[in-house]
file data_14.txt (compact mmCIF, C-alpha atoms and all ligand atoms)
# COMPACT_ATOMS: atom_id res chain seq x y z
CA MET K 1260 30.07 26.21 2.00
CA LYS K 1261 26.93 25.78 4.08
CA ILE K 1262 23.82 24.55 2.31
CA LYS K 1263 20.21 23.85 3.15
CA PHE K 1264 17.45 22.32 1.08
CA ALA K 1265 13.91 21.05 1.51
CA HIS K 1266 12.97 17.55 0.39
CA ILE K 1267 9.27 17.20 -0.32
CA SER K 1268 7.27 14.37 -1.79
CA ASP K 1269 3.77 13.11 -2.46
CA VAL K 1270 1.78 16.30 -2.15
CA HIS K 1271 -1.18 14.80 -4.05
CA LEU K 1272 -2.95 18.14 -4.31
CA GLY K 1273 -6.68 17.68 -4.76
CA ALA K 1274 -6.65 14.00 -3.89
CA TRP K 1275 -9.93 14.12 -1.97
CA ARG K 1276 -13.46 13.97 -3.24
CA ASN K 1277 -14.32 16.00 -0.16
CA GLU K 1278 -13.44 19.60 -1.00
CA ARG K 1279 -13.20 20.64 2.67
CA ILE K 1280 -10.45 18.10 3.18
CA ASN K 1281 -8.74 19.14 -0.05
CA GLU K 1282 -8.59 22.63 1.38
CA LEU K 1283 -6.54 21.30 4.26
CA GLY K 1284 -4.11 19.80 1.78
CA TYR K 1285 -3.80 23.18 0.06
CA LYS K 1286 -3.28 24.84 3.41
CA ALA K 1287 -0.57 22.34 4.28
CA LEU K 1288 1.32 23.14 1.07
CA GLU K 1289 1.02 26.88 1.67
CA LYS K 1290 2.30 26.47 5.22
CA LEU K 1291 5.17 24.40 3.96
CA ILE K 1292 6.14 26.95 1.31
CA ASP K 1293 6.06 29.78 3.85
CA PHE K 1294 8.21 27.74 6.20
CA ILE K 1295 10.91 26.98 3.67
CA ILE K 1296 11.01 30.56 2.47
CA LYS K 1297 11.58 31.66 6.04
CA GLU K 1298 14.28 29.01 6.39
CA LYS K 1299 16.00 30.47 3.32
CA VAL K 1300 16.70 27.12 1.74
CA ASP K 1301 18.96 27.05 -1.30
CA PHE K 1302 16.61 24.85 -3.30
CA VAL K 1303 13.75 22.38 -3.06
CA ILE K 1304 13.68 18.75 -4.17
CA LEU K 1305 10.27 17.34 -5.03
CA SER K 1306 10.27 13.57 -5.44
CA GLY K 1307 7.08 13.24 -7.45
CA ASP K 1308 3.29 13.25 -7.09
CA LEU K 1309 2.74 16.96 -6.80
CA TYR K 1310 -0.70 16.20 -8.22
CA ASP K 1311 -2.94 13.26 -7.47
CA VAL K 1312 -3.74 12.83 -11.15
CA SER K 1313 -1.99 13.97 -14.31
CA ASN K 1314 -4.89 16.28 -15.24
CA PRO K 1315 -6.16 17.91 -12.04
CA LYS K 1316 -8.80 20.62 -12.05
CA VAL K 1317 -7.95 24.25 -12.69
CA GLU K 1318 -8.11 25.24 -9.01
CA VAL K 1319 -5.47 22.67 -8.16
CA ILE K 1320 -3.17 23.66 -11.02
CA ASP K 1321 -3.58 27.31 -10.09
CA LEU K 1322 -2.71 26.64 -6.48
CA ALA K 1323 0.38 24.64 -7.36
CA THR K 1324 1.46 27.33 -9.79
CA LYS K 1325 1.08 30.00 -7.11
CA ALA K 1326 3.13 27.95 -4.67
CA MET K 1327 5.91 27.42 -7.21
CA LYS K 1328 5.80 31.08 -8.23
CA LYS K 1329 6.22 32.14 -4.62
CA LEU K 1330 9.45 30.16 -4.47
CA LYS K 1331 10.61 31.43 -7.83
CA ASP K 1332 10.09 35.02 -6.68
CA VAL K 1333 12.61 34.52 -3.89
CA ASN K 1334 15.00 32.62 -6.14
CA ILE K 1335 14.47 29.17 -4.66
CA PRO K 1336 14.55 26.66 -7.53
CA VAL K 1337 12.46 23.50 -7.31
CA TYR K 1338 13.99 20.39 -8.86
CA GLY K 1339 11.90 17.29 -9.24
CA ILE K 1340 10.36 14.52 -11.26
CA MET K 1341 6.92 13.26 -12.14
CA GLY K 1342 5.54 10.63 -9.82
CA SER K 1343 3.36 7.63 -10.52
CA HIS K 1344 0.25 9.79 -10.05
CA ASP K 1345 1.06 12.87 -12.07
CA PHE K 1346 2.92 11.08 -14.86
CA SER K 1347 1.00 10.61 -18.09
CA PRO K 1348 2.09 7.96 -20.59
CA SER K 1349 0.86 10.20 -23.41
CA ASN K 1350 2.86 13.15 -22.07
CA LYS K 1351 -0.29 15.07 -21.15
CA SER K 1352 0.61 15.71 -17.54
CA MET K 1353 -0.31 19.10 -16.14
CA VAL K 1354 3.11 19.15 -14.51
CA ARG K 1355 4.47 20.01 -17.96
CA PRO K 1356 3.39 23.66 -18.03
CA LEU K 1357 5.19 24.15 -14.71
CA PHE K 1358 8.35 22.71 -16.26
CA THR K 1359 7.92 24.86 -19.35
CA ALA K 1360 7.49 28.02 -17.28
CA GLY K 1361 10.62 27.22 -15.30
CA LEU K 1362 8.66 27.23 -12.05
CA TYR K 1363 9.58 23.61 -11.58
CA ILE K 1364 12.72 22.08 -13.07
CA ASP K 1365 12.56 18.59 -14.51
CA ALA K 1366 15.41 16.52 -13.11
CA TRP K 1367 14.63 13.70 -15.54
CA VAL K 1368 16.87 14.50 -18.48
CA PRO K 1369 17.31 11.18 -20.27
CA GLU K 1370 19.21 10.49 -23.41
CA LEU K 1371 19.53 7.21 -25.28
CA THR K 1372 23.13 6.10 -25.77
CA VAL K 1373 24.42 4.29 -28.86
CA ASP K 1374 24.30 0.99 -26.99
CA ASN K 1375 20.68 1.65 -26.00
CA LYS K 1376 21.27 2.59 -22.43
CA ILE K 1377 19.52 5.45 -20.68
CA LYS K 1378 21.95 8.19 -19.83
CA LEU K 1379 20.60 10.56 -17.19
CA ASN K 1380 22.07 14.00 -17.57
CA PHE K 1381 22.84 16.09 -14.53
CA LEU K 1382 21.39 19.46 -13.69
CA VAL K 1383 23.70 21.76 -11.81
CA ASP K 1384 22.19 24.03 -9.20
CA PRO K 1385 23.72 27.42 -10.07
CA LYS K 1386 24.16 28.62 -6.51
CA THR K 1387 25.54 25.54 -4.75
CA LYS K 1388 26.91 23.70 -7.82
CA ILE K 1389 25.32 20.52 -6.50
CA LYS K 1390 24.55 18.09 -9.32
CA ILE K 1391 21.10 16.62 -9.55
CA ALA K 1392 19.79 13.68 -11.59
CA GLY K 1393 16.54 11.84 -11.37
CA ILE K 1394 14.34 9.13 -12.80
CA ARG K 1395 10.65 9.90 -13.16
CA ALA K 1396 8.07 7.33 -12.23
CA ARG K 1397 5.55 5.63 -14.46
CA LYS K 1398 2.24 4.01 -13.69
CA ARG K 1399 2.42 0.77 -11.73
CA SER K 1400 6.13 1.22 -11.00
CA LEU K 1401 7.03 0.43 -14.61
CA GLU K 1402 10.09 2.66 -14.22
CA ILE K 1403 11.77 -0.24 -12.41
CA GLU K 1404 12.62 -1.68 -15.83
CA GLU K 1405 14.37 1.56 -16.74
CA TYR K 1406 16.64 1.39 -13.71
CA ARG K 1407 18.09 -1.75 -15.27
CA GLU K 1408 18.85 0.13 -18.48
CA LEU K 1409 20.59 3.09 -16.86
CA ASP K 1410 24.08 4.04 -17.91
CA ARG K 1411 25.29 3.52 -14.37
CA GLU K 1412 28.91 4.17 -15.08
CA PHE K 1413 28.16 7.69 -16.22
CA LEU K 1414 26.06 8.41 -13.15
CA GLU K 1415 28.49 6.79 -10.72
CA THR K 1416 31.74 8.26 -12.00
CA GLU K 1417 30.50 11.85 -12.32
CA LYS K 1418 32.20 13.93 -9.67
CA GLY K 1419 30.00 15.12 -6.81
CA PRO K 1420 28.47 16.51 -4.76
CA LYS K 1421 25.30 14.99 -6.20
CA ILE K 1422 21.73 14.13 -5.39
CA PHE K 1423 19.55 11.43 -6.96
CA ILE K 1424 15.77 11.90 -7.14
CA PHE K 1425 13.45 8.92 -7.59
CA HIS K 1426 9.88 7.81 -7.00
CA THR K 1427 10.09 4.09 -6.41
CA MET K 1428 9.70 1.89 -3.37
CA LEU K 1429 12.83 -0.01 -2.42
CA SER K 1430 12.30 -3.56 -1.22
CA GLU K 1431 14.80 -3.32 1.62
CA LEU K 1432 13.14 -0.22 3.04
CA LYS K 1433 9.57 -1.34 2.57
CA PRO K 1434 7.46 -1.13 5.73
CA LYS K 1435 5.38 -4.23 6.47
CA GLU K 1436 2.07 -2.58 5.66
CA PHE K 1437 3.17 -2.02 2.05
CA LYS K 1438 4.22 -5.61 1.47
CA ASP K 1439 1.94 -6.00 -1.55
CA MET K 1440 3.26 -2.94 -3.32
CA GLU K 1441 5.66 -3.17 -6.23
CA SER K 1442 9.26 -2.44 -5.23
CA ALA K 1443 12.80 -2.54 -6.54
CA PRO K 1444 15.94 -3.81 -4.83
CA LYS K 1445 18.18 -1.09 -3.43
CA SER K 1446 20.97 -2.33 -5.68
CA LEU K 1447 19.18 -0.84 -8.70
CA LEU K 1448 20.00 2.67 -7.53
CA PRO K 1449 23.18 4.11 -9.03
CA GLN K 1450 25.92 4.35 -6.41
CA ASN K 1451 28.06 7.23 -5.16
CA PHE K 1452 25.38 9.85 -4.62
CA ASP K 1453 25.41 11.87 -1.43
CA TYR K 1454 21.67 11.95 -0.95
CA TYR K 1455 18.88 9.82 -2.40
CA ALA K 1456 15.64 11.79 -2.41
CA GLY K 1457 12.85 9.22 -2.47
CA GLY K 1458 9.16 9.50 -3.10
CA HIS K 1459 6.16 7.19 -3.60
CA LEU K 1460 6.30 5.66 -0.14
CA HIS K 1461 3.64 7.46 1.89
CA LYS K 1462 5.60 7.11 5.04
CA THR K 1463 8.71 8.76 6.41
CA VAL K 1464 11.76 6.54 6.06
CA PRO K 1465 13.80 6.12 8.20
CA GLU K 1466 10.68 5.98 10.39
CA ILE K 1467 12.58 7.33 13.36
CA LEU K 1468 12.67 10.75 11.67
CA ASN K 1469 8.93 11.18 12.02
CA GLU K 1470 8.41 9.11 15.14
CA GLU K 1471 10.98 10.68 17.41
CA SER K 1472 11.63 13.92 15.56
CA ILE K 1473 15.37 13.49 15.77
CA THR K 1474 18.02 14.95 13.53
CA LEU K 1475 19.71 12.21 11.57
CA LYS K 1476 23.19 12.37 10.18
CA ILE K 1477 23.37 11.28 6.57
CA SER K 1478 26.03 8.63 6.11
CA GLU K 1479 26.97 6.34 3.29
CA ARG K 1480 24.86 3.58 4.81
CA ASN K 1481 22.01 5.91 5.65
CA ASN K 1482 21.42 8.24 2.76
CA ILE K 1483 18.09 7.13 1.29
CA ILE K 1484 15.33 9.34 2.61
CA TYR K 1485 11.59 9.37 2.05
CA PRO K 1486 9.74 12.30 3.64
CA GLY K 1487 6.29 10.68 3.11
CA TYR K 1488 3.16 12.68 2.26
CA VAL K 1489 2.65 16.36 3.01
CA PHE K 1490 -0.95 15.78 4.06
CA PRO K 1491 -2.83 12.45 4.28
CA THR K 1492 -4.19 11.45 0.90
CA ASP K 1493 -6.80 8.86 1.85
CA PHE K 1494 -8.93 7.53 4.68
CA ARG K 1495 -6.33 5.07 5.89
CA GLU K 1496 -3.68 7.73 6.10
CA LEU K 1497 -5.96 9.98 8.13
CA GLU K 1498 -6.70 7.01 10.33
CA ARG K 1499 -3.03 6.33 10.90
CA ASN K 1500 -3.04 9.83 12.32
CA LYS K 1501 0.55 10.57 11.47
CA GLN K 1502 1.27 14.15 10.68
CA GLY K 1503 2.48 14.83 7.16
CA GLY K 1504 5.41 17.07 6.46
CA PHE K 1505 8.74 17.23 4.71
CA CYS K 1506 12.47 16.89 5.33
CA LEU K 1507 14.75 19.81 5.96
CA VAL K 1508 18.29 18.91 5.01
CA SER K 1509 21.22 21.06 6.01
CA GLY K 1510 24.97 20.78 6.14
CA GLU K 1511 28.07 21.59 4.23
CA ILE K 1512 29.71 20.98 0.91
CA LYS K 1513 33.06 19.34 1.54
CA GLY K 1514 34.90 19.08 -1.70
CA GLU K 1515 33.11 16.53 -3.82
CA ASN K 1516 30.88 15.38 -1.00
CA LEU K 1517 28.04 16.56 1.15
CA ASP K 1518 28.03 16.41 4.91
CA LEU K 1519 24.33 16.49 5.75
CA ASN K 1520 21.83 16.28 8.56
CA VAL K 1521 18.15 15.64 7.98
CA LYS K 1522 15.18 16.55 10.13
CA PHE K 1523 11.51 15.85 9.54
CA ILE K 1524 9.34 18.95 9.85
CA PRO K 1525 5.69 18.10 10.56
CA ILE K 1526 3.08 20.32 8.96
CA LYS K 1527 0.03 20.37 11.13
CA VAL K 1528 -3.15 21.91 9.82
CA ILE K 1529 -5.80 20.05 11.83
CA ASP K 1530 -6.42 17.57 14.65
CA ILE K 1531 -7.79 14.19 13.78
CA GLU K 1532 -10.04 12.00 15.92
CA ASN K 1533 -10.32 8.33 14.96
CA ILE K 1534 -13.23 6.12 15.89
CA SER K 1535 -13.23 2.43 15.16
CA LEU K 1536 -16.28 0.39 16.03
CA ASP K 1537 -16.56 -3.39 15.93
CA CYS K 1538 -20.15 -4.13 14.96
CA THR K 1539 -19.90 -7.91 15.16
CA ASN K 1540 -23.24 -9.39 16.19
CA LYS K 1541 -24.74 -6.03 16.98
CA VAL K 1542 -28.03 -4.70 15.73
CA VAL K 1543 -28.21 -1.34 14.01
CA SER K 1544 -29.68 0.46 17.02
CA THR K 1545 -26.81 -0.74 19.22
CA VAL K 1546 -24.25 0.56 16.74
CA LEU K 1547 -26.02 3.90 16.62
CA SER K 1548 -26.21 4.26 20.36
CA GLU K 1549 -22.55 3.36 20.74
CA LEU K 1550 -21.71 6.07 18.27
CA GLU K 1551 -23.98 8.42 20.20
CA GLU K 1552 -22.02 7.62 23.32
CA LYS K 1553 -18.72 8.41 21.65
CA LEU K 1554 -20.25 11.58 20.36
CA SER K 1555 -21.00 12.84 23.84
CA ASN K 1556 -17.76 11.62 25.41
CA ARG K 1557 -15.17 13.40 23.33
CA ASP K 1558 -14.39 16.81 21.97
CA TYR K 1559 -14.69 17.04 18.22
CA GLN K 1560 -14.45 20.80 17.78
CA ASP K 1561 -12.60 21.69 14.55
CA LYS K 1562 -11.34 18.15 14.08
CA ILE K 1563 -11.54 15.67 11.26
CA VAL K 1564 -13.40 12.63 12.53
CA THR K 1565 -12.84 9.28 10.88
CA ILE K 1566 -15.28 6.52 11.72
CA ARG K 1567 -14.60 2.96 10.69
CA LEU K 1568 -17.41 0.46 11.15
CA PHE K 1569 -16.61 -3.19 10.63
CA GLY K 1570 -17.83 -6.70 11.29
CA PRO K 1571 -21.06 -8.54 10.53
CA LEU K 1572 -24.26 -7.04 11.95
CA SER K 1573 -26.47 -9.65 13.57
CA SER K 1574 -29.47 -8.36 11.64
CA GLY K 1575 -30.50 -5.48 9.45
CA LYS K 1576 -28.78 -4.06 6.43
CA THR K 1577 -25.59 -2.02 6.31
CA TYR K 1578 -27.51 0.80 4.66
CA ASP K 1579 -29.77 1.03 7.69
CA ILE K 1580 -26.84 2.84 9.23
CA LYS K 1581 -27.46 6.22 7.73
CA ILE K 1582 -24.16 7.88 7.06
CA ASN K 1583 -25.57 11.35 6.49
CA GLU K 1584 -27.30 11.39 9.85
CA ILE K 1585 -24.15 10.36 11.68
CA ILE K 1586 -22.13 13.01 9.85
CA GLN K 1587 -24.73 15.61 10.76
CA ASN K 1588 -24.58 14.66 14.44
CA PHE K 1589 -20.83 15.01 14.59
CA LYS K 1590 -20.88 18.26 12.68
CA GLU K 1591 -23.34 19.65 15.18
CA LYS K 1592 -20.68 18.95 17.79
CA GLY K 1593 -18.30 21.14 15.83
CA ALA K 1594 -16.41 18.57 13.76
CA TYR K 1595 -14.67 20.10 10.75
CA GLU K 1596 -15.43 17.12 8.55
CA VAL K 1597 -16.56 13.54 9.15
CA LEU K 1598 -15.55 10.56 7.06
CA ILE K 1599 -17.18 7.18 7.49
CA ASN K 1600 -15.82 3.95 6.15
CA LYS K 1601 -18.07 0.91 6.28
CA ASN K 1602 -16.33 -1.17 3.64
CA ALA K 1603 -15.78 -3.93 6.16
CA LEU K 1604 -19.27 -3.73 7.60
CA THR K 1605 -21.32 -6.73 6.52
CA THR K 1606 -24.67 -8.29 7.22
CA GLU K 1607 -25.71 -11.90 7.56
CA GLU K 1608 -26.92 -11.75 4.00
CA TYR K 1609 -23.50 -11.14 2.52
CA GLN K 1610 -21.37 -12.86 5.08
CA ALA K 1611 -19.32 -16.01 4.90
CA ILE K 1612 -17.79 -15.63 1.51
CA SER K 1613 -15.26 -18.34 1.09
CA ILE K 1614 -12.44 -17.82 -1.35
CA SER K 1615 -10.15 -20.69 -2.09
CA THR K 1616 -6.71 -19.67 -3.12
CA GLY K 1617 -4.80 -21.40 -5.85
CA LYS K 1618 -7.78 -21.44 -8.17
CA SER K 1619 -7.94 -19.40 -11.33
CA ASN K 1620 -9.64 -16.00 -11.33
CA GLU K 1621 -12.49 -17.42 -13.36
CA GLU K 1622 -13.10 -20.21 -10.87
CA ILE K 1623 -13.08 -17.80 -7.96
CA GLU K 1624 -15.46 -15.52 -9.80
CA THR K 1625 -17.83 -18.37 -10.59
CA ALA K 1626 -17.81 -19.53 -6.98
CA LEU K 1627 -18.45 -16.04 -5.64
CA ILE K 1628 -21.30 -15.41 -8.03
CA LYS K 1629 -22.90 -18.73 -7.14
CA GLU K 1630 -22.60 -17.99 -3.47
CA HIS K 1631 -24.05 -14.50 -3.72
CA ALA K 1632 -26.82 -15.37 -6.12
CA GLY K 1633 -28.01 -17.93 -3.61
CA LYS K 1634 -28.35 -15.34 -0.89
CA VAL K 1635 -30.39 -12.70 -2.60
CA ARG K 1636 -34.11 -12.98 -3.16
CA ILE K 1637 -35.65 -11.05 -6.01
CA ASN K 1638 -39.23 -11.70 -7.06
CA ASN K 1639 -39.62 -14.27 -9.82
CA PHE K 1640 -35.88 -14.76 -10.15
CA THR K 1641 -34.55 -18.22 -9.44
CA THR K 1642 -30.97 -18.56 -8.24
CA VAL K 1643 -29.88 -19.85 -11.63
CA LYS K 1644 -31.57 -16.99 -13.40
CA LEU K 1645 -29.94 -14.49 -11.05
CA GLU K 1646 -26.53 -16.03 -11.65
CA LYS K 1647 -27.02 -15.56 -15.35
CA LYS K 1648 -27.97 -11.96 -14.80
CA ILE K 1649 -24.87 -11.27 -12.77
CA TYR K 1650 -22.76 -12.52 -15.67
CA GLN K 1651 -24.69 -10.33 -18.08
CA LEU K 1652 -24.18 -7.40 -15.75
CA LEU K 1653 -20.43 -7.99 -15.51
CA ASN K 1654 -20.31 -8.09 -19.28
CA ILE K 1655 -21.97 -4.72 -19.55
CA PHE K 1656 -19.70 -3.17 -16.95
CA GLY K 1657 -16.81 -4.43 -19.00
CA THR K 1658 -17.84 -2.57 -22.15
CA GLU K 1659 -15.59 0.36 -22.81
CA ARG K 1660 -16.73 3.61 -24.29
CA HIS K 1661 -15.52 3.99 -27.85
CA SER K 1662 -13.77 7.22 -28.61
CA GLY K 1663 -16.57 8.28 -30.95
CA THR K 1664 -19.32 7.75 -28.37
CA LYS K 1665 -20.40 10.61 -26.15
CA VAL K 1666 -20.25 10.00 -22.41
CA MET K 1667 -23.96 10.67 -22.10
CA ASP K 1668 -24.90 8.23 -24.83
CA TYR K 1669 -22.60 5.65 -23.33
CA ASN K 1670 -24.17 6.09 -19.89
CA ASP K 1671 -27.64 5.85 -21.38
CA SER K 1672 -26.85 2.65 -23.19
CA LEU K 1673 -25.36 1.17 -20.01
CA LYS K 1674 -28.49 2.10 -18.12
CA GLN K 1675 -30.73 0.67 -20.81
CA SER K 1676 -28.83 -2.62 -20.84
CA PHE K 1677 -29.13 -2.76 -17.09
CA LEU K 1678 -32.88 -2.24 -17.27
CA ASN K 1679 -33.18 -4.90 -19.94
CA ILE K 1680 -31.32 -7.46 -17.90
CA PHE K 1681 -33.51 -6.95 -14.88
CA GLU K 1682 -36.62 -6.72 -17.03
CA VAL K 1683 -37.51 -3.29 -15.70
CA GLN K 1684 -39.68 -0.95 -17.72
CA LYS K 1685 -38.05 2.38 -18.33
CA SER K 1686 -41.17 4.27 -17.23
CA LYS K 1687 -40.49 3.14 -13.69
CA GLU K 1688 -37.73 5.49 -12.72
CA LEU K 1689 -34.76 3.81 -11.14
CA LYS K 1690 -34.34 4.87 -7.58
CA GLN K 1691 -30.83 5.27 -6.32
MN MN M 1701 2.26 9.18 -3.99

call {"tool": "encode", "arguments": {"input": "data_14.txt", "output": "structure tokens", "more": "lines below"}}
Ligand SMILES: [Mn+2]
result
Amino acid sequence: MKIKFAHISDVHLGAWRNERINELGYKALEKLIDFIIKEKVDFVILSGDLYDVSNPKVEVIDLATKAMKKLKDVNIPVYGIMGSHDFSPSNKSMVRPLFTAGLYIDAWVPELTVDNKIKLNFLVDPKTKIKIAGIRARKRSLEIEEYRELDREFLETEKGPKIFIFHTMLSELKPKEFKDMESAPKSLLPQNFDYYAGGHLHKTVPEILNEESITLKISERNNIIYPGYVFPTDFRELERNKQGGFCLVSGEIKGENLDLNVKFIPIKVIDIENISLDCTNKVVSTVLSELEEKLSNRDYQDKIVTIRLFGPLSSGKTYDIKINEIIQNFKEKGAYEVLINKNALTTEEYQAISISTGKSNEEIETALIKEHAGKVRINNFTTVKLEKKIYQLLNIFGTERHSGTKVMDYNDSLKQSFLNIFEVQKSKELKQ
């Protein structure tokens, strides 16, 4: 029997603060849904992070519901799990209503055995009879502990064909740039599945799928697949300028096994233009004129433009580089949206921060505060006094809002404490 399914992951609908960019993410999902309907897939596997947060806004939920409904209407079931982003430890994830309505089918069906192991029950896809089991993610990859408690024998001895869905990074498959991210050894996965549908890693793995757009044969040694994101979810991902997409998996059921081929299908909704400008030892006007030059040299029509400014300016303040004006200039040249990142842009004033490793957090904090306090001049404040104030400030920022306190009251009291620390009269309105 011939089969075909789509493997999607990390949609992160509504991940952007910029609504125009969110719209592109929505468009990407719609395009994807239309594509797989046309392809007449038997089912869809979603390896987590449909949403960017567990409680997205109504527009986002509505859009996801529409997308799922569209598939349901043509009898394409969607099997999946909650990812690290849309999981809620208090079970308040907005993925739940989708599960309840049957628009999305939860592949995480755990059961505690008498010897306290986690038994994952299988779903059976009615049309293909393929068995599906999955382990949902938790925040900060806490699900890794649960892999160790799985009733592996049950999972491994169940007759196939079968697919395992998970949302965890595997150490052996971890690309260099994610080296600091939590991961689990491959050996934690239960064996004997035909296809391992991975999520969480915002990159297509094996990389060759996305890089050379080849069709890969799934083999026993090569059956763990991560499609990566559907549309970039943050600045860095836009900057990497790798198209998002999903995996289209097709092949045949051969007895208890699957004979599969996988192909990455890019979903392109916009062109991206990346600008990276080293500002080391430049003055503000030089940076601006270099940007001006780039502005006139390239075509930005209907593109997302990312601009990264970095390095220490020789003089002036980082806020002398007016982001809004730059954005305006690029938009006048037809750019769809412009994002500027100047996190790594510094000035003499804040430069040369030395952090010694091996010290405790407290020691590092003390050293940093000392260093910074010595660099800022505020009328009537000695360095020692300023240091003290920074500590007071950190204290205030560390106060949590009690459940009985209204957000507005909490904000007001934060503001008042801030004013008190810096000995500012409330009548003088704080300028942003
Ligand atoms: Mn994700």

call {"tool": "residues_around", "arguments": {"input": "data_14.txt", "residues": "K:Val1643", "least_positions_apart": "3", "cutoff": "9 Å", "atoms": "all atoms listed in the file", "output": "number ranges by chain"}}
result
K: 1629, 1632-1633, 1640, 1646-1648

call {"tool": "residues_around", "arguments": {"input": "data_14.txt", "residues": "stretch 1433-1443 of chain K", "least_positions_apart": "2", "cutoff": "12 Å", "atoms": "all atoms listed in the file", "output": "number ranges by chain"}}
result
K: 1343, 1398-1407, 1425-1431, 1445-1448, 1459-1466, 1485, 1495-1496, 1499

call {"tool": "residues_near_point", "arguments": {"input": "data_14.txt", "point": "(13.4, 17.7, -15.8)", "cutoff": "10 Å", "atoms": "all atoms listed in the file", "output": "JSON list (two decimals) with C-alpha atoms, keeping the file's coordinate frame"}}
result
[["chain", "number", "residue", "atom", "x", "y", "z"],
["K", 1338, "TYR", "CA", 13.99, 20.39, -8.86],
["K", 1339, "GLY", "CA", 11.90, 17.29, -9.24],
["K", 1340, "ILE", "CA", 10.36, 14.52, -11.26],
["K", 1341, "MET", "CA", 6.92, 13.26, -12.14],
["K", 1355, "ARG", "CA", 4.47, 20.01, -17.96],
["K", 1358, "PHE", "CA", 8.35, 22.71, -16.26],
["K", 1359, "THR", "CA", 7.92, 24.86, -19.35],
["K", 1361, "GLY", "CA", 10.62, 27.22, -15.30],
["K", 1363, "TYR", "CA", 9.58, 23.61, -11.58],
["K", 1364, "ILE", "CA", 12.72, 22.08, -13.07],
["K", 1365, "ASP", "CA", 12.56, 18.59, -14.51],
["K", 1366, "ALA", "CA", 15.41, 16.52, -13.11],
["K", 1367, "TRP", "CA", 14.63, 13.70, -15.54],
["K", 1368, "VAL", "CA", 16.87, 14.50, -18.48],
["K", 1369, "PRO", "CA", 17.31, 11.18, -20.27],
["K", 1380, "ASN", "CA", 22.07, 14.00, -17.57],
["K", 1381, "PHE", "CA", 22.84, 16.09, -14.53],
["K", 1382, "LEU", "CA", 21.39, 19.46, -13.69],
["K", 1391, "ILE", "CA", 21.10, 16.62, -9.55],
["K", 1392, "ALA", "CA", 19.79, 13.68, -11.59],
["K", 1393, "GLY", "CA", 16.54, 11.84, -11.37],
["K", 1394, "ILE", "CA", 14.34, 9.13, -12.80],
["K", 1395, "ARG", "CA", 10.65, 9.90, -13.16]]

call {"tool": "closest_atom_pairs", "arguments": {"input": "data_14.txt", "of": "chain K", "to": "ligand MN 1701 (chain M)", "cutoff": "10 Å", "atoms": "only C-alpha atoms and all ligand atoms", "output": "tab-separated table"}}
result
residue	atom	partner	partner_atom	distance
K:Ser1268	CA	M:MN1701	MN	7.5
K:Asp1269	CA	M:MN1701	MN	4.5
K:Val1270	CA	M:MN1701	MN	7.4
K:His1271	CA	M:MN1701	MN	6.6
K:Ser1306	CA	M:MN1701	MN	9.2
K:Gly1307	CA	M:MN1701	MN	7.2
K:Asp1308	CA	M:MN1701	MN	5.2
K:Leu1309	CA	M:MN1701	MN	8.3
K:Tyr1310	CA	M:MN1701	MN	8.7
K:Asp1311	CA	M:MN1701	MN	7.5
K:Gly1342	CA	M:MN1701	MN	6.8
K:Ser1343	CA	M:MN1701	MN	6.8
K:His1344	CA	M:MN1701	MN	6.4
K:Asp1345	CA	M:MN1701	MN	9.0
K:His1426	CA	M:MN1701	MN	8.3
K:Thr1427	CA	M:MN1701	MN	9.6
K:Gly1458	CA	M:MN1701	MN	7.0
K:His1459	CA	M:MN1701	MN	4.4
K:Leu1460	CA	M:MN1701	MN	6.6
K:His1461	CA	M:MN1701	MN	6.3
K:Lys1462	CA	M:MN1701	MN	9.8
K:Gly1487	CA	M:MN1701	MN	8.3
K:Tyr1488	CA	M:MN1701	MN	7.2
K:Thr1492	CA	M:MN1701	MN	8.4

call {"tool": "residues_near_point", "arguments": {"input": "data_14.txt", "point": "(-23.2, 1.4, 19.5)", "cutoff": "12 Å", "atoms": "all atoms listed in the file", "output": "NGL selection string"}}
result
:K and (1534-1554 or 1568-1569 or 1572 or 1580 or 1585)

call {"tool": "closest_residue", "arguments": {"input": "data_14.txt", "among": "K:Gln1502, K:Arg1397, K:Asn1451, K:Val1373", "to": "K:Ser1472", "atoms": "only C-alpha atoms"}}
result
K:Gln1502

call {"tool": "atom_distance", "arguments": {"input": "data_14.txt", "atom1": "atom CA of K:Lys1325", "atom2": "atom CA of K:Leu1468"}}
result
29.3 Å

call {"tool": "residues_around", "arguments": {"input": "data_14.txt", "residues": "K:Phe1494", "least_positions_apart": "2", "cutoff": "8 Å", "atoms": "only C-alpha atoms", "output": "JSON, numbers by chain"}}
result
{"K": [1491, 1492, 1496, 1497, 1498, 1565, 1598, 1600]}

call {"tool": "atom_distance", "arguments": {"input": "data_14.txt", "atom1": "atom CA of K:Val1354", "atom2": "atom CA of K:Ser1313"}}
result
7.3 Å

call {"tool": "atom_distance", "arguments": {"input": "data_14.txt", "atom1": "atom CA of K:Asn1314", "atom2": "atom CA of K:Ser1352"}}
result
6.0 Å

call {"tool": "closest_residue", "arguments": {"input": "data_14.txt", "among": "K:Leu1272, K:Ile1623, K:Glu1515, K:Phe1490", "to": "K:Glu1417", "atoms": "only C-alpha atoms"}}
result
K:Glu1515
